[in-house]
Structures are given as structure tokens and as C-alpha cells.
file start.txt (compact mmCIF, C-alpha atoms)
# COMPACT_ATOMS: atom_id res chain seq x y z
CA MET A 671 -304.11 -21.70 52.80
CA ARG A 672 -305.61 -18.97 54.93
CA PHE A 673 -306.81 -20.12 58.36
CA LEU A 674 -309.16 -18.45 60.81
CA CYS A 675 -308.03 -19.21 64.38
CA LEU A 676 -310.35 -19.35 67.38
CA HIS A 677 -309.09 -19.78 70.95
CA GLY A 678 -310.55 -21.56 73.97
CA MET A 679 -312.49 -20.27 76.98
CA GLY A 680 -310.64 -18.04 79.41
CA THR A 681 -307.75 -17.29 77.06
CA ASN A 682 -307.09 -14.72 74.32
CA ASN A 683 -305.41 -14.27 70.95
CA LYS A 684 -301.93 -13.83 72.42
CA VAL A 685 -302.24 -17.10 74.34
CA PHE A 686 -303.52 -19.02 71.32
CA GLU A 687 -300.76 -17.62 69.12
CA ILE A 688 -298.21 -18.94 71.61
CA GLN A 689 -300.01 -22.27 72.04
CA THR A 690 -300.05 -22.88 68.28
CA ALA A 691 -296.66 -21.38 67.40
CA ALA A 692 -294.82 -24.70 67.01
CA LEU A 693 -297.75 -26.24 65.15
CA ARG A 694 -298.00 -23.35 62.70
CA TYR A 695 -294.23 -23.30 62.15
CA ALA A 696 -294.20 -27.02 61.40
CA LEU A 697 -297.01 -26.64 58.86
CA GLY A 698 -294.82 -24.31 56.79
CA ASP A 699 -294.80 -20.68 55.77
CA HIS A 700 -297.17 -21.13 52.83
CA HIS A 701 -300.13 -20.84 55.21
CA THR A 702 -301.41 -17.71 56.95
CA PHE A 703 -303.29 -17.51 60.24
CA GLU A 704 -305.70 -14.82 61.43
CA PHE A 705 -306.76 -14.82 65.07
CA VAL A 706 -310.19 -13.63 66.17
CA GLU A 707 -310.62 -12.93 69.87
CA GLY A 708 -313.77 -13.47 71.90
CA VAL A 709 -315.45 -10.39 73.32
CA VAL A 710 -317.14 -11.84 76.41
CA PRO A 711 -314.91 -11.37 79.49
CA ALA A 712 -313.98 -14.61 81.25
CA ALA A 713 -311.93 -15.75 84.20
CA MET A 714 -308.39 -16.72 83.29
CA ASN A 715 -308.21 -20.42 82.46
CA ASP A 716 -306.60 -22.34 85.32
CA SER A 717 -304.07 -23.95 82.97
CA LEU A 718 -302.59 -20.52 82.20
CA LYS A 719 -301.91 -19.47 85.78
CA GLY A 720 -298.23 -18.97 86.43
CA PHE A 721 -297.48 -18.72 82.72
CA PHE A 722 -299.38 -15.58 81.71
CA PRO A 723 -300.10 -12.33 83.58
CA ALA A 724 -303.26 -12.42 85.68
CA THR A 725 -303.78 -8.76 84.82
CA ASP A 726 -304.27 -9.44 81.10
CA GLY A 727 -307.76 -9.65 79.62
CA TYR A 728 -309.16 -13.14 79.06
CA PHE A 729 -312.22 -13.94 77.01
CA GLN A 730 -314.74 -16.43 75.73
CA TYR A 731 -316.96 -16.32 72.67
CA PHE A 732 -320.20 -16.87 74.55
CA GLU A 733 -321.62 -17.59 77.99
CA GLU A 734 -322.17 -21.31 78.41
CA ASN A 735 -325.79 -22.49 78.33
CA ASP A 736 -326.93 -19.03 77.21
CA ALA A 737 -328.72 -19.33 73.86
CA ALA A 738 -328.76 -15.59 73.16
CA SER A 739 -325.03 -15.29 73.86
CA CYS A 740 -324.19 -18.28 71.70
CA LEU A 741 -326.37 -17.04 68.83
CA LYS A 742 -324.71 -13.63 68.96
CA ALA A 743 -321.27 -15.25 68.80
CA VAL A 744 -322.26 -17.26 65.72
CA ASN A 745 -323.79 -14.22 64.03
CA ASP A 746 -320.73 -12.11 64.83
CA LEU A 747 -318.42 -14.77 63.40
CA GLU A 748 -320.52 -15.01 60.26
CA ALA A 749 -320.36 -11.23 59.81
CA PHE A 750 -316.58 -11.27 60.32
CA VAL A 751 -316.10 -14.01 57.72
CA ALA A 752 -318.34 -12.15 55.28
CA VAL A 753 -316.25 -8.97 55.59
CA GLU A 754 -312.73 -10.36 56.13
CA GLY A 755 -313.00 -13.68 54.29
CA PRO A 756 -312.90 -15.91 52.50
CA PHE A 757 -310.91 -18.29 54.68
CA ASP A 758 -309.77 -21.68 53.42
CA GLY A 759 -309.81 -23.32 56.82
CA VAL A 760 -310.44 -22.90 60.52
CA LEU A 761 -308.10 -23.84 63.37
CA ALA A 762 -310.19 -23.94 66.54
CA PHE A 763 -309.57 -24.96 70.13
CA SER A 764 -312.20 -25.96 72.70
CA GLN A 765 -315.07 -23.41 72.78
CA GLY A 766 -313.79 -21.80 69.58
CA ALA A 767 -314.67 -25.03 67.79
CA SER A 768 -318.23 -24.85 69.09
CA VAL A 769 -318.77 -21.42 67.52
CA ALA A 770 -317.11 -22.42 64.25
CA THR A 771 -319.00 -25.69 63.86
CA THR A 772 -322.35 -24.14 64.74
CA LEU A 773 -321.79 -21.63 61.93
CA MET A 774 -320.63 -24.40 59.58
CA VAL A 775 -323.70 -26.54 60.23
CA ARG A 776 -326.04 -23.57 59.91
CA SER A 777 -324.53 -22.56 56.58
CA GLN A 778 -325.20 -26.06 55.24
CA GLN A 779 -328.76 -26.41 56.54
CA ARG A 780 -330.56 -23.10 56.51
CA ASP A 781 -331.52 -23.06 52.83
CA ARG A 782 -334.25 -25.23 51.34
CA PRO A 783 -334.18 -28.90 52.43
CA GLY A 784 -331.66 -30.80 50.35
CA ASP A 785 -330.19 -27.61 48.89
CA LEU A 786 -326.87 -26.94 50.61
CA LEU A 787 -325.14 -23.59 50.62
CA SER A 788 -321.42 -23.25 49.96
CA PRO A 789 -319.47 -24.30 53.06
CA VAL A 790 -317.87 -21.56 55.15
CA PHE A 791 -314.50 -23.33 55.05
CA LYS A 792 -312.78 -25.91 52.85
CA CYS A 793 -311.28 -27.78 55.81
CA ALA A 794 -311.20 -27.61 59.59
CA VAL A 795 -308.73 -28.46 62.35
CA PHE A 796 -310.20 -29.06 65.80
CA LEU A 797 -308.08 -29.20 68.97
CA GLY A 798 -309.71 -30.49 72.17
CA ALA A 799 -312.92 -29.32 70.59
CA ALA A 800 -316.40 -28.66 71.89
CA VAL A 801 -319.48 -29.47 69.81
CA PRO A 802 -321.89 -27.39 67.71
CA CYS A 803 -325.25 -26.24 68.97
CA ASP A 804 -328.41 -26.70 66.96
CA ALA A 805 -328.75 -23.25 65.40
CA ALA A 806 -332.48 -23.62 64.85
CA ARG A 807 -333.00 -24.22 68.58
CA LEU A 808 -330.78 -21.25 69.42
CA ASP A 809 -333.29 -19.10 67.54
CA GLU A 810 -335.90 -20.52 69.92
CA GLY A 811 -333.80 -19.72 72.98
CA VAL A 812 -332.70 -23.32 73.56
CA VAL A 813 -329.14 -24.66 73.74
CA ARG A 814 -329.07 -28.18 72.30
CA GLU A 815 -325.71 -29.79 71.74
CA MET A 816 -325.65 -31.84 68.55
CA THR A 817 -324.86 -35.57 68.60
CA HIS A 818 -324.30 -38.20 65.94
CA GLU A 819 -327.20 -40.23 67.31
CA ALA A 820 -329.65 -37.36 66.81
CA ASP A 821 -328.11 -35.53 63.87
CA GLY A 822 -325.80 -37.83 61.90
CA GLU A 823 -322.74 -36.62 60.02
CA VAL A 824 -323.65 -32.95 59.69
CA ILE A 825 -320.21 -31.59 58.76
CA GLN A 826 -319.30 -32.56 55.21
CA LEU A 827 -315.75 -31.37 54.57
CA PRO A 828 -312.21 -32.58 55.38
CA THR A 829 -311.58 -32.35 59.11
CA THR A 830 -308.79 -33.13 61.56
CA HIS A 831 -309.56 -33.93 65.20
CA ILE A 832 -306.79 -33.83 67.80
CA TRP A 833 -307.29 -34.34 71.52
CA GLY A 834 -305.57 -35.80 74.56
CA GLU A 835 -306.52 -39.10 76.10
CA LYS A 836 -306.44 -37.36 79.50
CA ASP A 837 -308.68 -34.51 78.36
CA GLY A 838 -311.63 -35.77 80.39
CA SER A 839 -314.22 -34.23 78.07
CA PRO A 840 -316.67 -36.26 75.96
CA TYR A 841 -316.87 -33.51 73.37
CA PRO A 842 -313.84 -34.09 71.08
CA PRO A 843 -314.91 -37.61 70.01
CA GLN A 844 -318.53 -36.43 69.92
CA LEU A 845 -317.58 -33.76 67.38
CA ALA A 846 -315.54 -36.26 65.38
CA ALA A 847 -318.63 -38.46 65.10
CA LEU A 848 -320.54 -35.51 63.61
CA CYS A 849 -318.07 -35.21 60.73
CA ALA A 850 -318.02 -37.12 57.46
CA SER A 851 -316.23 -40.40 58.12
CA ARG A 852 -314.48 -40.54 54.74
CA GLN A 853 -313.06 -37.04 55.19
CA LYS A 854 -312.09 -37.31 58.84
CA ASN A 855 -308.59 -37.57 60.35
CA VAL A 856 -308.24 -38.33 64.06
CA TYR A 857 -305.19 -38.29 66.33
CA VAL A 858 -305.36 -38.87 70.10
CA HIS A 859 -302.17 -37.96 71.97
CA GLY A 860 -301.11 -38.85 75.49
CA GLY A 861 -301.75 -35.42 77.02
CA GLY A 862 -304.77 -33.54 78.28
CA HIS A 863 -306.72 -30.46 77.24
CA GLU A 864 -303.88 -28.80 75.38
CA VAL A 865 -302.33 -27.96 72.02
CA PRO A 866 -299.31 -30.13 71.12
CA SER A 867 -296.49 -27.62 71.16
CA SER A 868 -293.03 -29.14 71.62
CA ASN A 869 -290.80 -29.42 68.55
CA THR A 870 -289.40 -32.66 69.96
CA ASP A 871 -292.79 -34.12 70.81
CA GLU A 872 -294.22 -37.02 68.84
CA ALA A 873 -297.66 -35.49 69.45
CA LEU A 874 -296.65 -32.41 67.47
CA ARG A 875 -295.27 -34.46 64.58
CA GLU A 876 -298.38 -36.63 64.38
CA SER A 877 -300.65 -33.60 64.70
CA VAL A 878 -298.92 -31.95 61.75
CA ARG A 879 -299.24 -35.16 59.75
CA VAL A 880 -303.02 -35.43 60.18
CA ILE A 881 -303.54 -31.71 59.62
CA LYS A 882 -301.61 -31.90 56.36
CA ARG A 883 -303.80 -34.81 55.32
CA ALA A 884 -306.96 -32.70 55.73
CA ILE A 885 -305.34 -29.82 53.84
CA SER A 886 -304.40 -32.16 50.99
CA MET A 887 -307.93 -33.55 50.87
CA ALA A 888 -309.36 -30.02 50.67
CA GLN A 889 -306.94 -29.02 47.94
CA TYR A 890 -307.72 -32.18 45.96
CA LYS A 891 -311.45 -31.43 46.14
CA GLN A 892 -310.85 -27.92 44.82
CA ALA A 893 -308.62 -29.06 41.94

call {"tool": "encode", "arguments": {"input": "start.txt", "output": "C-alpha cells"}}
result
Amino acid sequence: MRFLCLHGMGTNNKVFEIQTAALRYALGDHHTFEFVEGVVPAAMNDSLKGFFPATDGYFQYFEENDAASCLKAVNDLEAFVAVEGPFDGVLAFSQGASVATTLMVRSQQRDRPGDLLSPVFKCAVFLGAAVPCDAARLDEGVVREMTHEADGEVIQLPTTHIWGEKDGSPYPPQLAALCASRQKNVYVHGGGHEVPSSNTDEALRESVRVIKRAISMAQYKQA
């Protein structure tokens, strides 16, 4: 399968390639991964200090709580997928998941009521993920984060959700609640806001297991 990969805030493609190297290797060489970097400059994420050069460029996809910036990021991602796609899946960390899911929800809802468009992806893998914004409100200049209580299960495709119990963010389980329960795979590891990366780590093995489950579900649906 061909995956589109989106990094977190205050990082870049090189960082995300390194963060996901063990995960991608364990998934096997029959998948390909294309990394798309944010274009909005950002301060280097604190977790990277001491591991990556401070002089490198670090980015985010949009300015937080800025509707125009978020809408531009979603539109830019849609244009990229239209030109460079199709992609079978998305592998997204933190803020990257917010952009991806906002596009996914918009693609399913913007046609006539009850008439869904083809989904952008066949499956999705979310790592320490943030949540989608209501695209209709973005058009109005308002940032509204979607919740299960207000919006229900708005993402209807096989998904995998991986986060650390020490993450400290409410968003990863909030996003999981927005995804179809019968197509959802969840794994909570003992770490924090990170990508499981050690070849000897149980978190990596379990992460690969639940990701492969989502891939199998997507392939079964397409058969």
C-alpha cells in the first residue's frame, strides 16, 4: 500500500522519517511511504532538542486556532493528493492527523446530504493524534474541534489509533471516538507523545500488529 505521511508540530520530514523508520521496516517492504512537510515555520519541538540540529528548519501545517491557516493547510493537502495521489492510506502524527482527518471528514460530507463522496484514503494510522476541525466552520472563520458527542462517528474507514498513556493530551482518544467502532483498532502503550521506535520494544510489536489489522480490513473491503 502507498501511504501519505504527515509529521507533528515543530518537526519536519527528516525527523518523521527517523521516528517511523523502525515502524515502517517492521511493516515490510511491500508498502511505500511519501512524506509531505508543513510549510509554516515553527519552533523546534522540545522533545527534539539535543537529538537534532537547532539550525535545521522546523515546521507545522497550520497556526493553531487560526481558521484561515487551518483551511489553507487542508486545501493544500487536498490539492497535493489530487496531483500526486491516489494514496491507499495515511500515517499521521499529532497535528498532521488533524489536517488529514479534517480533509477526510470534508470529503465525506460536502456533497448532498446522505450522498458520500469517495474517501480520500482506504485506511488511516494515527499516532498521538490531534482531532479534525469542522470544515464548514473553518469556511466561516471559526475553529471548532469535532467531538463524538456533537458529531458522532464521522470517519468511516479502517483506522488504527496509537498513543501513550503518559501523553497528557485528550485528543488521541477523542479522535478514536470519532471513528467507526467496527473498523477501529486501538493500542495504548506505556510511553508519552512519541512514535514507538525500538525494535526490541513491545510497543513497536503491538503497534505493527494493530496497523496490519487496519491494512487487512482495508484490503478486504476492496476485494

call {"tool": "closest_residue", "arguments": {"input": "start.txt", "among": "A:Ser839, A:Cys675, A:Gln765, A:Gln826", "to": "A:Arg694", "atoms": "all atoms listed in the file"}}
result
A:Cys675

call {"tool": "closest_residue", "arguments": {"input": "start.txt", "among": "A:Leu718, A:Ala846, A:Leu674, A:Val795", "to": "A:Phe750", "atoms": "all atoms listed in the file"}}
result
A:Leu674

call {"tool": "residues_around", "arguments": {"input": "start.txt", "residues": "stretch 773-779 of chain A", "least_positions_apart": "6", "cutoff": "12 Å", "atoms": "only C-alpha atoms", "output": "JSON, numbers by chain"}}
result
{"A": [740, 741, 742, 743, 744, 745, 746, 747, 748, 749, 750, 751, 759, 760, 766, 767, 785, 786, 787, 788, 789, 790, 791, 792, 793, 794, 801, 802, 803, 804, 805, 806, 807, 808, 809, 816, 821, 822, 823, 824, 825, 826, 827, 845, 848, 849]}

call {"tool": "residues_around", "arguments": {"input": "start.txt", "residues": "A:Arg875", "least_positions_apart": "4", "cutoff": "10 Å", "atoms": "all atoms listed in the file", "output": "list in words"}}
result
Leu693, Ala696, Leu697, Pro866, Ser867, Ser868, Asn869, Thr870, Asp871, Arg879 and Val880 of chain A

call {"tool": "residues_around", "arguments": {"input": "start.txt", "residues": "A:Asn683", "least_positions_apart": "6", "cutoff": "12 Å", "atoms": "all atoms listed in the file", "output": "PyMOL selection string"}}
result
chain A and resi 674-677+689-691+703-709+726-731+762-763+766

call {"tool": "atom_distance", "arguments": {"input": "start.txt", "atom1": "atom CA of A:Ala692", "atom2": "atom CA of A:Ala724"}}
result
23.9 Å

call {"tool": "closest_residue", "arguments": {"input": "start.txt", "among": "A:Gly860, A:Thr817, A:Ala800, A:Ser886", "to": "A:Thr829", "atoms": "all atoms listed in the file"}}
result
A:Ser886

call {"tool": "atom_distance", "arguments": {"input": "start.txt", "atom1": "atom CA of A:Gly861", "atom2": "atom CA of A:Trp833"}}
result
7.9 Å

call {"tool": "closest_residue", "arguments": {"input": "start.txt", "among": "A:Ala888, A:Leu797, A:Ala738, A:Ala873", "to": "A:Asp837", "atoms": "only C-alpha atoms"}}
result
A:Leu797

call {"tool": "closest_residue", "arguments": {"input": "start.txt", "among": "A:Ser851, A:Thr830, A:Phe732, A:Pro843", "to": "A:Glu876", "atoms": "all atoms listed in the file"}}
result
A:Thr830

call {"tool": "closest_residue", "arguments": {"input": "start.txt", "among": "A:Pro711, A:Gly678, A:Pro828, A:Pro723", "to": "A:Ser764", "atoms": "all atoms listed in the file"}}
result
A:Gly678
